[in-house]
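Visitor: Quick one, my_file-v2.cif (mmCIF, C-alpha atoms):
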data_model
#
loop_
_atom_site.label_atom_id
_atom_site.label_comp_id
_atom_site.auth_asym_id
_atom_site.auth_seq_id
_atom_site.Cartn_x
_atom_site.Cartn_y
_atom_site.Cartn_z
CA MET A 82 56.70 39.00 -69.48
CA GLY A 83 53.07 40.05 -69.96
CA SER A 84 53.73 41.53 -73.38
CA SER A 85 55.65 38.47 -74.59
CA LEU A 86 52.89 36.08 -73.52
CA PHE A 87 49.90 38.13 -74.59
CA GLY A 88 51.32 40.72 -76.98
CA GLY A 89 48.42 40.33 -79.38
CA VAL A 90 45.78 41.00 -76.76
CA SER A 91 44.90 44.65 -76.31
CA ASN A 92 41.41 44.62 -74.78
CA TRP A 93 42.50 43.80 -71.24
CA LEU A 94 45.35 44.58 -68.89
CA PHE A 95 46.88 42.50 -66.16
CA ASP A 96 49.36 42.93 -63.37
CA ALA A 97 52.52 41.09 -64.37
CA LEU A 98 53.62 40.66 -60.76
CA GLY A 99 54.10 36.95 -60.15
CA VAL A 100 53.51 36.07 -63.82
CA ASN A 101 56.04 33.84 -65.56
CA GLU A 102 56.16 31.43 -68.50
CA GLU A 103 54.09 28.92 -66.52
CA THR A 104 51.33 31.43 -65.80
CA THR A 105 49.15 30.96 -68.87
CA PRO A 106 45.45 30.29 -69.45
CA SER A 107 46.26 26.88 -70.93
CA ASN A 108 48.22 25.88 -67.81
CA ALA A 109 45.34 27.05 -65.62
CA ARG A 110 43.02 24.76 -67.61
CA VAL A 111 45.48 21.86 -67.37
CA HIS A 112 45.57 22.24 -63.57
CA LEU A 113 41.78 22.48 -63.56
CA ALA A 114 41.43 19.27 -65.60
CA GLU A 115 43.84 17.51 -63.21
CA GLY A 116 41.79 18.64 -60.22
CA ASN A 117 44.50 20.97 -58.92
CA LEU A 118 42.04 23.74 -58.12
CA SER A 119 44.43 25.78 -55.99
CA ALA A 120 47.02 26.12 -58.77
CA ALA A 121 44.36 26.81 -61.40
CA LEU A 122 42.79 29.56 -59.28
CA ASP A 123 46.18 31.08 -58.46
CA ILE A 124 47.06 31.38 -62.17
CA ALA A 125 43.64 32.74 -63.13
CA LEU A 126 43.76 35.42 -60.43
CA ARG A 127 47.32 36.41 -61.32
CA LEU A 128 46.35 36.89 -64.97
CA GLN A 129 43.21 38.82 -63.94
CA MET A 130 41.24 37.41 -66.88
CA HIS A 131 37.57 37.55 -65.90
CA ASP A 132 36.37 34.67 -68.06
CA LEU A 133 39.21 32.42 -66.91
CA ILE A 134 38.60 33.23 -63.23
CA GLU A 135 34.90 32.50 -63.76
CA GLU A 136 35.70 29.18 -65.45
CA VAL A 137 37.95 28.08 -62.60
CA ILE A 138 35.82 29.35 -59.71
CA GLU A 139 32.62 27.82 -61.06
CA ALA A 140 34.38 24.44 -61.21
CA VAL A 141 35.10 24.61 -57.46
CA PRO A 142 32.81 22.46 -55.31
CA HIS A 143 31.03 24.39 -52.57
CA SER A 144 32.83 22.28 -49.96
CA GLN A 145 36.23 23.53 -51.20
CA VAL A 146 35.49 27.28 -51.13
CA ASN A 147 36.79 27.92 -47.60
CA PHE A 148 39.89 25.80 -48.14
CA LEU A 149 40.85 27.58 -51.36
CA THR A 150 40.16 31.00 -49.85
CA ARG A 151 42.52 30.23 -46.96
CA ASN A 152 45.29 29.37 -49.42
CA LEU A 153 45.03 32.64 -51.36
CA SER A 154 47.40 35.48 -50.62
CA ILE A 155 45.92 38.78 -49.47
CA ASP A 156 47.54 40.33 -52.54
CA LEU A 157 45.42 38.21 -54.91
CA VAL A 158 42.29 38.66 -52.80
CA ILE A 159 42.58 42.45 -53.00
CA ARG A 160 43.68 42.83 -56.61
CA SER A 161 41.70 40.09 -58.30
CA LEU A 162 39.19 38.12 -56.23
CA VAL A 163 37.18 40.93 -54.58
CA PRO A 164 36.79 42.93 -57.84
CA PHE A 165 35.75 39.70 -59.62
CA LEU A 166 33.16 38.83 -56.96
CA ALA A 167 31.77 42.37 -57.11
CA ARG A 168 31.29 42.10 -60.88
CA GLN A 169 29.64 38.69 -60.60
CA LEU A 170 27.18 39.81 -57.92
CA GLU A 171 26.31 42.95 -59.89
CA GLY A 172 24.46 40.73 -62.32
CA ARG A 173 27.05 38.98 -64.47
CA SER A 174 26.19 35.59 -62.97
CA ARG A 175 23.04 33.75 -61.99
CA HIS A 176 24.91 31.68 -59.39
CA VAL A 177 24.13 34.15 -56.64
CA ALA A 178 24.21 31.75 -53.69
CA PHE A 179 27.51 30.28 -54.84
CA TYR A 180 29.21 33.67 -55.13
CA ALA A 181 27.68 34.82 -51.85
CA ALA A 182 29.42 31.80 -50.28
CA TRP A 183 32.73 33.02 -51.76
CA VAL A 184 32.16 36.50 -50.31
CA ASP A 185 31.37 34.99 -46.92
CA ALA A 186 34.55 32.89 -47.05
CA VAL A 187 36.72 35.86 -48.06
CA LEU A 188 35.36 38.04 -45.26
CA HIS A 189 35.54 35.25 -42.69
CA VAL A 190 39.10 34.23 -43.58
CA HIS A 191 40.77 37.51 -44.57
CA ALA A 192 38.91 40.40 -42.92
CA GLY A 193 41.22 40.41 -39.92
CA THR A 194 44.37 40.73 -42.02
CA LEU A 195 43.18 43.06 -44.78
CA ARG A 196 43.95 46.31 -42.99
CA ARG A 197 47.28 45.03 -41.70
CA SER A 198 48.32 43.89 -45.17
CA LEU A 199 47.02 46.69 -47.40
CA ALA A 200 49.87 49.01 -46.49
CA GLU A 201 52.40 46.36 -47.53
CA ILE A 202 50.59 45.76 -50.81
CA ALA A 203 50.31 49.47 -51.60
CA ARG A 204 54.04 50.14 -51.22
CA PRO A 205 55.97 50.82 -54.43
CA ARG A 206 56.57 47.52 -56.19
CA LEU A 207 60.29 48.06 -56.62
CA ALA A 208 60.64 48.30 -52.86
CA ARG A 209 58.44 45.29 -52.13
CA ASP A 210 61.34 42.83 -51.88
CA ALA A 211 63.37 45.03 -49.57
CA PRO A 212 63.42 43.86 -45.93
CA ILE A 213 61.34 46.77 -44.64
CA LYS A 214 58.99 46.28 -41.72
CA LEU A 215 55.36 47.13 -42.30
CA LEU A 216 55.19 50.94 -42.27
CA GLY A 217 58.35 50.99 -40.17
CA VAL A 218 56.36 50.43 -36.98
CA GLU A 219 55.80 47.42 -34.79
CA THR A 220 52.87 47.74 -32.42
CA PRO A 221 49.29 47.10 -33.63
CA GLU A 222 48.24 50.49 -32.22
CA GLU A 223 50.84 52.32 -34.32
CA VAL A 224 49.90 50.35 -37.42
CA GLU A 225 46.23 51.17 -36.84
CA GLU A 226 47.02 54.87 -36.43
CA ARG A 227 49.12 55.01 -39.58
CA LEU A 228 46.45 53.19 -41.58
CA LYS A 229 44.04 56.01 -40.77
CA GLN A 230 46.24 58.42 -42.72
CA PRO A 231 44.83 58.54 -46.27
CA GLY A 232 48.19 58.93 -48.01
CA VAL A 233 49.54 55.62 -46.73
CA LEU A 234 47.41 53.38 -48.94
CA LEU A 235 46.97 55.46 -52.08
CA GLU A 236 50.15 54.53 -53.99
CA HIS A 237 49.31 53.14 -57.44
CA GLY A 238 45.64 53.75 -56.66
CA GLU A 239 45.39 50.24 -55.23
CA TRP A 240 43.62 51.19 -52.03
CA LYS A 241 41.18 53.38 -53.92
CA ALA A 242 40.49 50.59 -56.41
CA PHE A 243 39.95 48.10 -53.61
CA GLN A 244 37.58 50.50 -51.82
CA ALA A 245 35.62 50.88 -55.06
CA SER A 246 35.38 47.09 -55.38
CA LEU A 247 34.14 46.78 -51.79
CA ILE A 248 31.50 49.46 -52.42
CA ARG A 249 30.35 47.64 -55.56
CA LEU A 250 30.25 44.39 -53.62
CA GLN A 251 28.25 45.99 -50.79
CA THR A 252 25.81 47.54 -53.27
CA ALA A 253 25.34 44.21 -55.03
CA LEU A 254 24.70 42.44 -51.73
CA GLU A 255 22.22 45.15 -50.65
CA THR A 256 20.38 44.76 -53.97
CA LEU A 257 20.35 41.01 -53.52
CA LYS A 258 19.01 41.39 -49.97
CA GLY A 259 16.27 43.74 -51.17
CA SER A 260 15.31 41.31 -53.91
CA LEU A 261 15.14 38.39 -51.47
CA ILE A 262 13.01 40.41 -49.03
CA THR A 263 10.62 41.40 -51.83
CA ARG A 264 10.33 37.79 -52.99
CA TRP A 265 9.75 36.58 -49.44
CA GLU A 266 7.03 39.19 -48.87
CA THR A 267 5.36 38.24 -52.16
CA PHE A 268 5.47 34.57 -51.19
CA PHE A 269 4.11 35.35 -47.71
CA TRP A 270 1.14 37.35 -49.03
CA PHE A 271 0.44 34.81 -51.75
CA THR A 272 0.40 31.97 -49.17
CA ARG A 273 -1.83 33.98 -46.87
CA PHE A 274 -4.25 34.79 -49.70
CA ARG A 275 -4.29 31.14 -50.80
CA ASP A 276 -5.01 29.92 -47.27
CA LYS A 277 -7.84 32.44 -46.91
CA SER A 278 -9.32 31.34 -50.22
CA LEU A 279 -9.14 27.68 -49.22
CA SER A 280 -10.74 28.28 -45.82
CA SER A 281 -13.58 30.38 -47.31
CA SER A 282 -14.33 27.75 -49.95
CA MET A 283 -14.82 25.15 -47.22
#
Would you write out, as structure tokens, the structure that this file holds?

Guide:
Amino acid sequence: MGSSLFGGVSNWLFDALGVNEETTPSNARVHLAEGNLSAALDIALRLQMHDLIEEVIEAVPHSQVNFLTRNLSIDLVIRSLVPFLARQLEGRSRHVAFYAAWVDAVLHVHAGTLRRSLAEIARPRLARDAPIKLLGVETPEEVEERLKQPGVLLEHGEWKAFQASLIRLQTALETLKGSLITRWETFFWFTRFRDKSLSSSM
């Protein structure tokens, strides 16, 4: 399906899982124009086209961020949204506060289910539709123990790619924090110097 829709495009790759004849950039933009933000975001994330995701996400009002995040599958969060947010916060966007709000929403809504779901996502795709219980175990303790085994989540490199995205995201947030602290300190010392100058001139 991917090759028939975008056969002429060779400078990017996307995961064709969940992509059909309705999953096109033009349909994402139609949904966006109609105000159907959830459908537009779903299509953009499935196609994994950075510019399209950016176009859709930046049209989302701040008040809708949490709602849309709750309606995203863990699959799309891991494969598309987190890597996108990492790239944006590394310097591709000036809307730092807006994207920080997306990161906060993702972590608040999905952090509790990420580890439980990653094993399911990392299974071979051909076996995904088979009625197999998560890792073949039932109790949370057994799931937690199995998730500690490195081989469980390395199929297709998805866990490794997600870890890399999280590291990039963490680095970007640390850089942002350092920048904010530096600016605050500069502002503090400037204000203090100004107040001293004003008091001495009186």

Visitor: Can you translate the PyMOL selection byres ((chain A and resi 129) around 6) into the concrete residues it hits in this file, as a list in words?

Guide: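 After applying the PyMOL selection byres ((chain A and resi 129) around 6), what remains is Phe95, Leu126, Arg127, Leu128, Met130 and Ser161 of chain A.
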
Visitor: CA of Gln251 in chain A and CA of Glu171 in chain A, how far apart in Å?

Guide: 9.8 Å

Visitor: Suppose you want the space between CA of Thr105 in chain A and CA of Gln169 in chain A; what is it in Å?

Guide: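 If I compute the distance from CA of Thr105 in chain A to CA of Gln169 in chain A, I get 22.6 Å.
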
Visitor: Between CA of Ser119 in chain A and CA of Ile155 in chain A, what is the spacing in Å?

Guide: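 Atom-to-atom, CA of Ile155 in chain A and CA of Ser119 in chain A are spaced 14.6 Å apart.
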
Visitor: Using all atoms listed in the file, can you tell me which of A:Val177, A:Ile124, A:Val158, A:Val111 comes closest to Glu139 in chain A?

Guide: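 Distance minimum relative to Glu139 in chain A lands on A:Val177.
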
Visitor: Pick out the closest residue to Asp185 in chain A from this set: A:Asn117, A:Val137, A:Leu250, A:Asp156. Count all atoms listed in the file.

Guide: A:Leu250

Visitor: Quick one: of A:Leu247, A:Val141, A:Ala120, A:Ala182, who's nearest to Arg160 in chain A, counting all atoms listed in the file?

Guide: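 Of A:Leu247, A:Val141, A:Ala120, A:Ala182, the one nearest Arg160 in chain A is A:Leu247, counting all atoms listed in the file.
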
Visitor: Let me make sure I understand: among A:Ser246, A:Thr267, A:Thr256, A:Thr272, which one has the smallest atom-to-atom distance to Leu166 in chain A if we use only C-alpha atoms?

Guide: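 For Leu166 in chain A, the nearest of the candidates is A:Ser246.
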
Visitor: In file coordinates, which residues lie within 12 Å of (44.7, 30.0, -68.6) using all atoms listed in the file, given as a PyMOL selection string?

Guide: chain A and resi 86-87+100+102-114+120-137

Visitor: Could you turn the residues from that selection into a file that holds C-alpha atoms, as a compact mmCIF listing (two decimals), keeping the file's coordinate frame?

Guide:
# COMPACT_ATOMS: atom_id res chain seq x y z
CA LEU A 86 52.89 36.08 -73.52
CA PHE A 87 49.90 38.13 -74.59
CA VAL A 100 53.51 36.07 -63.82
CA GLU A 102 56.16 31.43 -68.50
CA GLU A 103 54.09 28.92 -66.52
CA THR A 104 51.33 31.43 -65.80
CA THR A 105 49.15 30.96 -68.87
CA PRO A 106 45.45 30.29 -69.45
CA SER A 107 46.26 26.88 -70.93
CA ASN A 108 48.22 25.88 -67.81
CA ALA A 109 45.34 27.05 -65.62
CA ARG A 110 43.02 24.76 -67.61
CA VAL A 111 45.48 21.86 -67.37
CA HIS A 112 45.57 22.24 -63.57
CA LEU A 113 41.78 22.48 -63.56
CA ALA A 114 41.43 19.27 -65.60
CA ALA A 120 47.02 26.12 -58.77
CA ALA A 121 44.36 26.81 -61.40
CA LEU A 122 42.79 29.56 -59.28
CA ASP A 123 46.18 31.08 -58.46
CA ILE A 124 47.06 31.38 -62.17
CA ALA A 125 43.64 32.74 -63.13
CA LEU A 126 43.76 35.42 -60.43
CA ARG A 127 47.32 36.41 -61.32
CA LEU A 128 46.35 36.89 -64.97
CA GLN A 129 43.21 38.82 -63.94
CA MET A 130 41.24 37.41 -66.88
CA HIS A 131 37.57 37.55 -65.90
CA ASP A 132 36.37 34.67 -68.06
CA LEU A 133 39.21 32.42 -66.91
CA ILE A 134 38.60 33.23 -63.23
CA GLU A 135 34.90 32.50 -63.76
CA GLU A 136 35.70 29.18 -65.45
CA VAL A 137 37.95 28.08 -62.60

Visitor: Write out as a ChimeraX atom specification which residues come within 10 Å of Val190 in chain A when counting all atoms listed in the file, dropping same-chain ones fewer than 3 positions away.

Guide: /A:147-148,150-153,184-187,193-195
